[in-house]
$ cat query16.tsv   # TSV, C-alpha atoms
chain	number	residue	atom	x	y	z
G	1	MET	CA	9.32	-17.18	9.77
G	2	VAL	CA	6.37	-14.79	9.22
G	3	LYS	CA	5.73	-12.49	12.15
G	4	LEU	CA	2.37	-13.15	13.82
G	5	LEU	CA	0.16	-10.28	14.90
G	6	PRO	CA	-1.65	-10.08	18.28
G	7	PHE	CA	-5.17	-10.52	16.84
G	8	GLU	CA	-4.03	-13.76	15.19
G	9	GLU	CA	-3.27	-15.43	18.54
G	10	PRO	CA	-6.47	-17.59	18.63
G	11	ILE	CA	-5.60	-18.94	15.17
G	12	VAL	CA	-2.06	-19.76	16.27
G	13	GLN	CA	-3.29	-21.58	19.36
G	14	LEU	CA	-5.70	-23.72	17.34
G	15	LYS	CA	-3.04	-24.52	14.73
G	16	THR	CA	-0.67	-25.58	17.51
G	17	LYS	CA	-3.32	-27.88	18.98
G	18	ILE	CA	-3.91	-29.49	15.56
G	19	GLU	CA	-0.17	-30.09	15.11
G	20	GLU	CA	0.07	-31.62	18.58
G	21	LEU	CA	-2.78	-34.03	17.79
G	22	LYS	CA	-1.17	-35.02	14.50
G	23	GLU	CA	2.11	-35.67	16.25
G	24	TYR	CA	0.36	-37.67	18.99
G	25	THR	CA	-1.42	-39.77	16.33
G	26	ILE	CA	1.94	-40.71	14.81
G	27	ASN	CA	3.87	-41.32	18.04
G	28	ALA	CA	1.17	-43.04	20.10
G	29	ASP	CA	-0.41	-44.91	17.18
G	30	VAL	CA	-3.85	-43.62	18.18
G	31	ASP	CA	-6.42	-42.61	15.57
G	32	MET	CA	-7.35	-38.97	16.20
G	33	SER	CA	-8.44	-38.26	12.63
G	34	VAL	CA	-12.02	-37.31	13.57
G	35	GLU	CA	-10.83	-34.81	16.18
G	36	ILE	CA	-8.29	-33.37	13.75
G	37	VAL	CA	-10.89	-32.93	10.99
G	38	ASN	CA	-13.24	-31.19	13.45
G	39	LEU	CA	-10.48	-28.85	14.63
G	40	GLU	CA	-9.45	-28.06	11.05
G	41	ALA	CA	-13.07	-27.14	10.28
G	42	ARG	CA	-13.09	-24.93	13.37
G	43	LEU	CA	-9.82	-23.34	12.24
G	44	GLU	CA	-11.22	-22.51	8.82
G	45	LYS	CA	-14.28	-20.90	10.39
G	46	LEU	CA	-12.17	-19.00	12.93
G	47	GLU	CA	-9.86	-17.62	10.22
G	48	GLN	CA	-12.88	-16.47	8.25
G	49	GLU	CA	-14.42	-14.76	11.29
G	50	ILE	CA	-11.19	-12.98	12.27
G	51	TYR	CA	-9.92	-11.94	8.85
G	52	GLU	CA	-13.32	-10.81	7.55
G	53	ASN	CA	-14.13	-8.73	10.65
G	54	MET	CA	-10.86	-6.91	11.27
G	55	GLU	CA	-10.85	-3.75	13.37
G	56	PRO	CA	-9.10	-0.60	12.07
G	57	TRP	CA	-6.15	-1.17	14.40
G	58	ASP	CA	-5.81	-4.74	13.11
G	59	ARG	CA	-5.57	-3.38	9.57
G	60	VAL	CA	-2.94	-0.84	10.66
G	61	GLN	CA	-0.82	-3.70	12.00
G	62	VAL	CA	-1.21	-5.70	8.77
G	63	ALA	CA	-0.30	-2.63	6.70
G	64	ARG	CA	2.92	-2.33	8.74
G	65	HIS	CA	3.81	-6.02	8.62
G	66	PRO	CA	7.56	-6.38	7.93
G	67	SER	CA	6.89	-9.11	5.34
G	68	ARG	CA	4.27	-7.10	3.45
G	69	PRO	CA	5.05	-6.96	-0.30
G	70	THR	CA	6.89	-3.84	-1.43
G	71	THR	CA	6.79	-1.84	-4.65
G	72	ARG	CA	9.72	-3.85	-6.00
G	73	ASP	CA	7.90	-7.14	-5.29
G	74	TYR	CA	4.89	-6.02	-7.31
G	75	ILE	CA	7.04	-4.68	-10.15
G	76	GLN	CA	8.76	-8.06	-10.45
G	77	LEU	CA	5.43	-9.92	-10.49
G	78	LEU	CA	3.41	-7.53	-12.67
G	79	CYS	CA	5.90	-6.09	-15.14
G	80	THR	CA	8.49	-7.25	-17.62
G	81	GLU	CA	11.65	-5.55	-18.86
G	82	PHE	CA	11.74	-3.11	-15.94
G	83	ILE	CA	14.52	-0.53	-16.25
G	84	GLU	CA	15.11	1.39	-13.03
G	85	LEU	CA	16.05	5.04	-13.48
G	86	HIS	CA	17.99	6.98	-10.86
G	87	GLY	CA	18.54	10.51	-9.66
G	88	ASP	CA	16.70	13.82	-9.70
G	89	ARG	CA	19.31	15.68	-11.82
G	90	LEU	CA	19.60	18.20	-9.00
G	91	TYR	CA	21.07	16.60	-5.90
G	92	GLY	CA	21.24	12.81	-5.88
G	93	ASP	CA	19.40	9.51	-5.90
G	94	ASP	CA	16.98	8.64	-3.10
G	95	ALA	CA	16.62	4.90	-2.53
G	96	ALA	CA	13.34	5.44	-0.64
G	97	ILE	CA	11.64	5.88	-4.02
G	98	ILE	CA	12.19	3.59	-6.96
G	99	GLY	CA	10.89	4.09	-10.46
G	100	GLY	CA	11.47	3.46	-14.10
G	101	ILE	CA	9.93	2.17	-17.31
G	102	ALA	CA	8.50	-1.28	-17.87
G	103	LEU	CA	6.04	-3.31	-19.89
G	104	PHE	CA	2.66	-4.07	-18.31
G	105	GLU	CA	0.52	-6.47	-20.33
G	106	GLY	CA	2.88	-5.77	-23.23
G	107	LYS	CA	2.40	-1.99	-23.10
G	108	PRO	CA	5.01	0.56	-21.92
G	109	ILE	CA	4.31	2.30	-18.61
G	110	THR	CA	6.19	4.35	-16.05
G	111	ILE	CA	5.98	2.87	-12.57
G	112	ILE	CA	7.05	4.69	-9.41
G	113	GLY	CA	6.71	3.84	-5.74
G	114	HIS	CA	7.95	4.16	-2.20
G	115	GLN	CA	10.40	1.40	-1.33
G	116	ARG	CA	11.10	0.30	2.22
G	117	GLY	CA	13.62	-2.36	3.16
G	118	VAL	CA	13.07	-6.02	3.89
G	119	ASP	CA	15.69	-6.12	6.65
G	120	THR	CA	17.53	-3.68	8.90
G	121	LYS	CA	20.40	-3.09	6.49
G	122	GLU	CA	18.15	-2.31	3.56
G	123	ASN	CA	15.81	-0.19	5.72
G	124	ILE	CA	18.76	2.00	6.65
G	125	LYS	CA	19.74	2.30	2.99
G	126	ARG	CA	16.18	3.19	2.01
G	127	ASN	CA	15.52	5.34	5.09
G	128	PHE	CA	12.60	3.06	6.08
G	129	GLY	CA	10.70	4.18	2.97
G	130	MET	CA	10.64	7.85	4.04
G	131	PRO	CA	11.81	9.94	1.07
G	132	HIS	CA	13.97	13.06	1.04
G	133	PRO	CA	13.17	15.89	-1.43
G	134	GLU	CA	15.36	14.32	-4.11
G	135	GLY	CA	13.09	11.26	-4.02
G	136	TYR	CA	10.04	13.30	-4.89
G	137	ARG	CA	11.99	15.25	-7.51
G	138	LYS	CA	13.11	11.96	-9.06
G	139	ALA	CA	9.47	10.82	-9.14
G	140	LEU	CA	8.41	14.05	-10.82
G	141	ARG	CA	11.21	13.79	-13.38
G	142	LEU	CA	9.97	10.32	-14.33
G	143	MET	CA	6.37	11.53	-14.51
G	144	LYS	CA	7.29	14.36	-16.88
G	145	GLN	CA	9.28	11.90	-18.97
G	146	ALA	CA	6.21	9.62	-19.10
G	147	GLU	CA	4.09	12.56	-20.24
G	148	LYS	CA	6.61	13.38	-22.99
G	149	PHE	CA	6.47	9.83	-24.37
G	150	ASN	CA	2.73	9.35	-23.70
G	151	ARG	CA	3.13	6.52	-21.17
G	152	PRO	CA	0.55	5.85	-18.41
G	153	ILE	CA	1.87	6.30	-14.87
G	154	ILE	CA	1.33	3.85	-12.02
G	155	CYS	CA	2.31	4.99	-8.52
G	156	MET	CA	2.55	2.70	-5.50
G	157	ILE	CA	2.21	4.33	-2.10
G	158	ASP	CA	3.83	2.77	0.97
G	159	THR	CA	5.37	5.22	3.43
G	160	LYS	CA	4.94	6.42	6.99
G	161	GLY	CA	5.56	9.90	5.57
G	162	ALA	CA	8.21	12.11	4.05
G	163	TYR	CA	11.44	12.23	6.07
G	164	PRO	CA	11.09	15.06	8.65
G	165	GLY	CA	14.80	15.57	9.38
G	166	LYS	CA	16.86	18.72	9.18
G	167	ALA	CA	18.65	17.74	5.96
G	168	ALA	CA	15.35	17.16	4.17
G	169	GLU	CA	14.03	20.54	5.27
G	170	GLU	CA	17.24	22.26	4.16
G	171	ARG	CA	16.85	20.76	0.69
G	172	GLY	CA	13.21	21.85	0.37
G	173	GLN	CA	11.00	18.97	1.48
G	174	SER	CA	7.74	20.91	1.55
G	175	GLU	CA	8.43	22.57	-1.81
G	176	ALA	CA	9.24	19.23	-3.43
G	177	ILE	CA	5.95	17.72	-2.22
G	178	ALA	CA	3.95	20.80	-3.20
G	179	ARG	CA	5.55	20.80	-6.66
G	180	ASN	CA	4.50	17.18	-7.18
G	181	LEU	CA	0.90	17.98	-6.23
G	182	VAL	CA	0.74	20.86	-8.73
G	183	GLU	CA	2.47	19.02	-11.57
G	184	MET	CA	0.55	15.75	-11.12
G	185	ALA	CA	-2.74	17.64	-11.31
G	186	GLY	CA	-1.86	18.77	-14.83
G	187	LEU	CA	-0.31	15.62	-16.30
G	188	LYS	CA	-1.72	14.79	-19.74
G	189	VAL	CA	-1.44	11.00	-19.36
G	190	PRO	CA	-3.41	8.55	-17.19
G	191	VAL	CA	-2.23	8.43	-13.57
G	192	ILE	CA	-3.18	5.55	-11.26
G	193	SER	CA	-2.14	5.40	-7.61
G	194	VAL	CA	-2.36	2.31	-5.41
G	195	VAL	CA	-1.87	2.35	-1.63
G	196	ILE	CA	-0.15	-0.98	-0.97
G	197	GLY	CA	0.78	-0.47	2.70
G	198	GLU	CA	0.85	2.68	4.79
G	199	GLY	CA	-0.10	5.92	3.10
G	200	GLY	CA	1.12	8.58	5.49
G	201	SER	CA	0.61	12.35	5.22
G	202	GLY	CA	2.05	14.52	2.42
G	203	GLY	CA	4.72	11.91	1.84
G	204	ALA	CA	2.00	9.67	0.42
G	205	LEU	CA	-0.04	12.40	-1.26
G	206	ALA	CA	3.01	13.43	-3.30
G	207	LEU	CA	2.37	10.27	-5.36
G	208	GLY	CA	-1.40	10.34	-4.92
G	209	VAL	CA	-2.85	13.01	-7.23
G	210	ALA	CA	-4.26	10.49	-9.67
G	211	ASN	CA	-7.24	9.81	-11.90
G	212	HIS	CA	-7.89	6.59	-10.03
G	213	ILE	CA	-6.86	5.83	-6.44
G	214	HIS	CA	-7.01	2.23	-5.28
G	215	MET	CA	-6.17	0.68	-1.92
G	216	LEU	CA	-5.36	-2.81	-0.84
G	217	GLU	CA	-7.97	-4.00	1.66
G	218	ASN	CA	-5.59	-3.87	4.64
G	219	SER	CA	-3.73	-0.69	3.78
G	220	THR	CA	-4.17	2.74	5.40
G	221	TYR	CA	-4.24	6.31	4.07
G	222	SER	CA	-4.16	9.23	6.49
G	223	VAL	CA	-2.85	12.72	7.22
G	224	ILE	CA	-1.06	11.47	10.33
G	225	SER	CA	-0.31	8.15	12.03
G	226	PRO	CA	-2.71	6.93	14.75
G	227	GLU	CA	0.08	7.36	17.30
G	228	GLY	CA	0.69	10.93	16.17
G	229	ALA	CA	-3.01	11.78	16.27
G	230	ALA	CA	-3.37	10.27	19.76
G	231	SER	CA	-0.37	12.27	20.97
G	232	ILE	CA	-1.88	15.52	19.69
G	233	LEU	CA	-5.50	14.89	20.69
G	234	TRP	CA	-5.07	13.12	24.00
G	235	LYS	CA	-1.37	13.61	24.84
G	236	ASP	CA	-1.04	9.81	24.91
G	237	ALA	CA	0.35	7.78	21.99
G	238	SER	CA	-0.82	4.55	23.64
G	239	LEU	CA	-4.39	5.47	22.60
G	240	ALA	CA	-3.47	4.84	18.96
G	241	LYS	CA	-6.09	2.08	18.67
G	242	GLN	CA	-8.91	4.50	19.51
G	243	ALA	CA	-7.41	7.09	17.16
G	244	ALA	CA	-7.32	4.58	14.29
G	245	GLU	CA	-11.04	3.93	14.76
G	246	ALA	CA	-11.93	7.63	14.91
G	247	MET	CA	-9.76	8.71	11.97
G	248	LYS	CA	-11.42	6.47	9.33
G	249	ILE	CA	-8.10	5.60	7.67
G	250	THR	CA	-8.84	2.12	6.35
G	251	ALA	CA	-9.75	1.23	2.77
G	252	PRO	CA	-13.42	0.32	3.50
G	253	ASP	CA	-13.97	3.63	5.33
G	254	LEU	CA	-12.29	5.70	2.61
G	255	LYS	CA	-14.32	3.92	-0.06
G	256	LYS	CA	-17.54	4.84	1.78
G	257	MET	CA	-16.42	8.48	1.82
G	258	GLU	CA	-15.61	8.26	-1.93
G	259	ILE	CA	-12.00	9.30	-1.40
G	260	ILE	CA	-10.74	6.19	-3.18
G	261	ASP	CA	-12.12	4.34	-6.18
G	262	THR	CA	-11.54	0.66	-5.43
G	263	VAL	CA	-10.80	-1.58	-2.47
G	264	ILE	CA	-8.57	-4.37	-3.78
G	265	THR	CA	-9.30	-7.70	-2.10
G	266	GLU	CA	-6.46	-9.16	-0.06
G	267	VAL	CA	-5.74	-12.80	0.58
G	268	HIS	CA	-6.87	-13.94	4.04
G	269	GLY	CA	-4.53	-12.60	6.68
G	270	GLY	CA	-2.90	-9.99	4.48
G	271	ALA	CA	-0.88	-9.68	1.27
G	272	HIS	CA	2.21	-11.19	2.90
G	273	LYS	CA	0.47	-14.56	3.17
G	274	ASN	CA	0.52	-15.10	-0.61
G	275	ILE	CA	2.33	-12.43	-2.60
G	276	GLU	CA	1.75	-14.05	-6.01
G	277	ALA	CA	-2.01	-14.27	-5.48
G	278	GLN	CA	-2.10	-10.69	-4.22
G	279	ALA	CA	-0.26	-9.48	-7.31
G	280	MET	CA	-2.95	-11.07	-9.47
G	281	TYR	CA	-5.72	-9.22	-7.59
G	282	LEU	CA	-3.78	-5.99	-8.13
G	283	LYS	CA	-3.20	-6.79	-11.79
G	284	GLU	CA	-6.93	-7.20	-12.47
G	285	THR	CA	-7.66	-3.78	-10.96
G	286	LEU	CA	-4.87	-2.07	-12.91
G	287	ILE	CA	-6.01	-3.60	-16.22
G	288	THR	CA	-9.58	-2.38	-15.65
G	289	SER	CA	-8.37	1.05	-14.55
G	290	LEU	CA	-6.09	1.53	-17.56
G	291	LYS	CA	-8.85	0.49	-19.96
G	292	GLU	CA	-11.15	3.14	-18.48
G	293	LEU	CA	-8.57	5.90	-18.81
G	294	GLU	CA	-6.75	5.11	-22.05
G	295	ASN	CA	-9.49	6.52	-24.29
G	296	LEU	CA	-9.71	9.87	-22.50
G	297	THR	CA	-8.11	12.92	-24.11
G	298	PRO	CA	-5.42	14.88	-22.20
G	299	GLU	CA	-7.97	17.58	-21.39
G	300	GLU	CA	-10.46	14.98	-20.11
G	301	LEU	CA	-7.79	13.38	-17.92
G	302	ILE	CA	-6.96	16.72	-16.30
G	303	GLU	CA	-10.65	17.54	-15.83
G	304	ASN	CA	-11.22	14.08	-14.35
G	305	ARG	CA	-8.55	14.73	-11.71
G	306	TYR	CA	-9.89	18.21	-10.98
G	307	VAL	CA	-13.44	16.97	-10.42
G	308	LYS	CA	-12.24	14.01	-8.36
G	309	PHE	CA	-10.33	16.07	-5.83
G	310	LYS	CA	-12.85	18.91	-5.80
G	311	ASN	CA	-15.51	16.45	-4.67
G	312	ILE	CA	-13.46	15.02	-1.79
G	313	GLY	CA	-14.65	16.24	1.59
G	314	GLU	CA	-17.57	18.42	2.62
G	315	PHE	CA	-17.64	22.18	2.94
G	316	LYS	CA	-20.05	25.07	3.26
G	317	GLU	CA	-19.70	28.57	1.83

$ encode --input "query16.tsv" --output "structure tokens"
Amino acid sequence: MVKLLPFEEPIVQLKTKIEELKEYTINADVDMSVEIVNLEARLEKLEQEIYENMEPWDRVQVARHPSRPTTRDYIQLLCTEFIELHGDRLYGDDAAIIGGIALFEGKPITIIGHQRGVDTKENIKRNFGMPHPEGYRKALRLMKQAEKFNRPIICMIDTKGAYPGKAAEERGQSEAIARNLVEMAGLKVPVISVVIGEGGSGGALALGVANHIHMLENSTYSVISPEGAASILWKDASLAKQAAEAMKITAPDLKKMEIIDTVITEVHGGAHKNIEAQAMYLKETLITSLKELENLTPEELIENRYVKFKNIGEFKE
């Protein structure tokens, strides 16, 4: 059963009432068809009002939904002949990042992304999608391989952040992230990043130095979680809702600030409501993005990235 979010409660209540009337019609042999049709029309209008006017905190909850499609889900729906590659050739294999080579629309690509679990057991295996340094080093190894064989790179971002534990720090977490930022900036092939869920801090940015950055409509991209920001600013994590509004971390806000290129439409209620349909929306954006980038020379691709990130933010000298 799909987990329901607090802001969806009015929809749930109306759906329950409709089901009760349908059941009453069958059991009591009373015609309630007119009332049911009216309630169904009300339901459709209510869903439209709620899902098209979501607050930032509502979007944060959708981005974190346990049934939200993962990188692996999109790979299975968008690509053929996917071959997963493992290990960083230095320490080990990090299950929090998956990647490999595949065919997209018949053309070879390298696809890499954060991978969280779909249940408790898998979340433990994948460290809840929070990579260790070897995860980022694996990602970089695959990117350099893609550059060698002239394959476009697609990155999918979905992490609360890089793992902050002692073991990760001992193995060079900050260096691994910084290395990815430097190396991605100079890649000579097209790089496209898509935020499909949570995009948290440097753990997300390590896959985010791209020519094009897209976000699903109900995803988030931020330097810190709303709870973390509230704890620092107001010493109270319970004020996360206010922090989410102030931080401008949702796709529509980031599009207005020209930090991202495209807001990818989501099905009503979030990507988890219809994964196949959502994959098609994502596919259309990726096709358009690749067409725009495939004719650029290596030098133009690097310059494109440089200009893109130079123009993010405002500053005075």

$ atom_distance --input "query16.tsv" --atom1 "atom CA of G:Ala244" --atom2 "atom CA of G:Asp73"
27.4 Å

$ closest_residue --input "query16.tsv" --among "G:Ala185, G:Ala167, G:Leu103, G:Ala96" --to "G:Ala139" --atoms "all atoms listed in the file"
G:Ala96

$ residues_around --input "query16.tsv" --residues "stretch 266-269 of chain G" --least-positions-apart "5" --cutoff "7 Å" --atoms "only C-alpha atoms" --output "list of chain:residue names"
G:Tyr51, G:Leu216, G:Glu217, G:Asn274, G:Gln278

$ atom_distance --input "query16.tsv" --atom1 "atom CA of G:Ala271" --atom2 "atom CA of G:Pro69"
6.7 Å

$ residues_near_point --input "query16.tsv" --point "(7.9, 1.3, -22.0)" --cutoff "9 Å" --atoms "only C-alpha atoms" --output "MDAnalysis selection string"
chainID G and resid 81:83 100:104 106:110 146 149 151

$ closest_residue --input "query16.tsv" --among "G:Leu254, G:Val263, G:Ile18, G:Leu181" --to "G:Gly202" --atoms "only C-alpha atoms"
G:Leu181

$ atom_distance --input "query16.tsv" --atom1 "atom CA of G:His272" --atom2 "atom CA of G:Ser67"
5.7 Å

$ residues_near_point --input "query16.tsv" --point "(18.8, 5.3, -3.8)" --cutoff "10 Å" --atoms "all atoms listed in the file" --output "list in words"
His86, Gly87, Gly92, Asp93, Asp94, Ala95, Ala96, Ile97, Ile98, Gln115, Lys125, Arg126, Asn127, Pro131, Glu134 and Gly135 of chain G

$ axis_aligned_box --input "query16.tsv" --around "stretch 23-34 of chain G" --padding-each-side "8 Å" --output "lines of an AutoDock Vina configuration file"
center_x = -4.1
center_y = -40.3
center_z = 16.4
size_x = 31.9
size_y = 25.2
size_z = 23.5

$ residues_around --input "query16.tsv" --residues "G:Leu296" --least-positions-apart "5" --cutoff "12 Å" --atoms "only C-alpha atoms" --output "PyMOL selection string"
chain G and resi 152+188-191+211+289-291+301-305

$ residues_around --input "query16.tsv" --residues "G:Ala210" --least-positions-apart "2" --cutoff "12 Å" --atoms "only C-alpha atoms" --output "ChimeraX atom specification"
/G:143,152-157,180-195,204-208,212-214,259-261,289,293,301-309

$ closest_residue --input "query16.tsv" --among "G:Ile124, G:Val60, G:Ile26, G:Leu78" --to "G:Glu227" --atoms "all atoms listed in the file"
G:Val60

$ residues_around --input "query16.tsv" --residues "G:Glu23" --least-positions-apart "6" --cutoff "12 Å" --atoms "all atoms listed in the file" --output "list of chain:residue names"
G:Thr16, G:Lys17, G:Asp29, G:Val30, G:Asp31, G:Met32, G:Ser33, G:Ile36

$ residues_around --input "query16.tsv" --residues "G:Leu46" --least-positions-apart "3" --cutoff "10 Å" --atoms "all atoms listed in the file" --output "list in words"
Glu8, Pro10, Ile11, Leu14, Glu40, Ala41, Arg42, Leu43, Glu49, Ile50, Tyr51 and Glu52 of chain G

$ closest_residue --input "query16.tsv" --among "G:Gly313, G:Gly117, G:Gly270, G:Gly129" --to "G:Gly203" --atoms "all atoms listed in the file"
G:Gly129

$ closest_residue --input "query16.tsv" --among "G:Lys283, G:Lys310, G:His114, G:Lys22" --to "G:Leu77" --atoms "all atoms listed in the file"
G:Lys283

$ closest_residue --input "query16.tsv" --among "G:Thr120, G:Gln13, G:Asn27, G:Asn38" --to "G:Pro66" --atoms "only C-alpha atoms"
G:Thr120
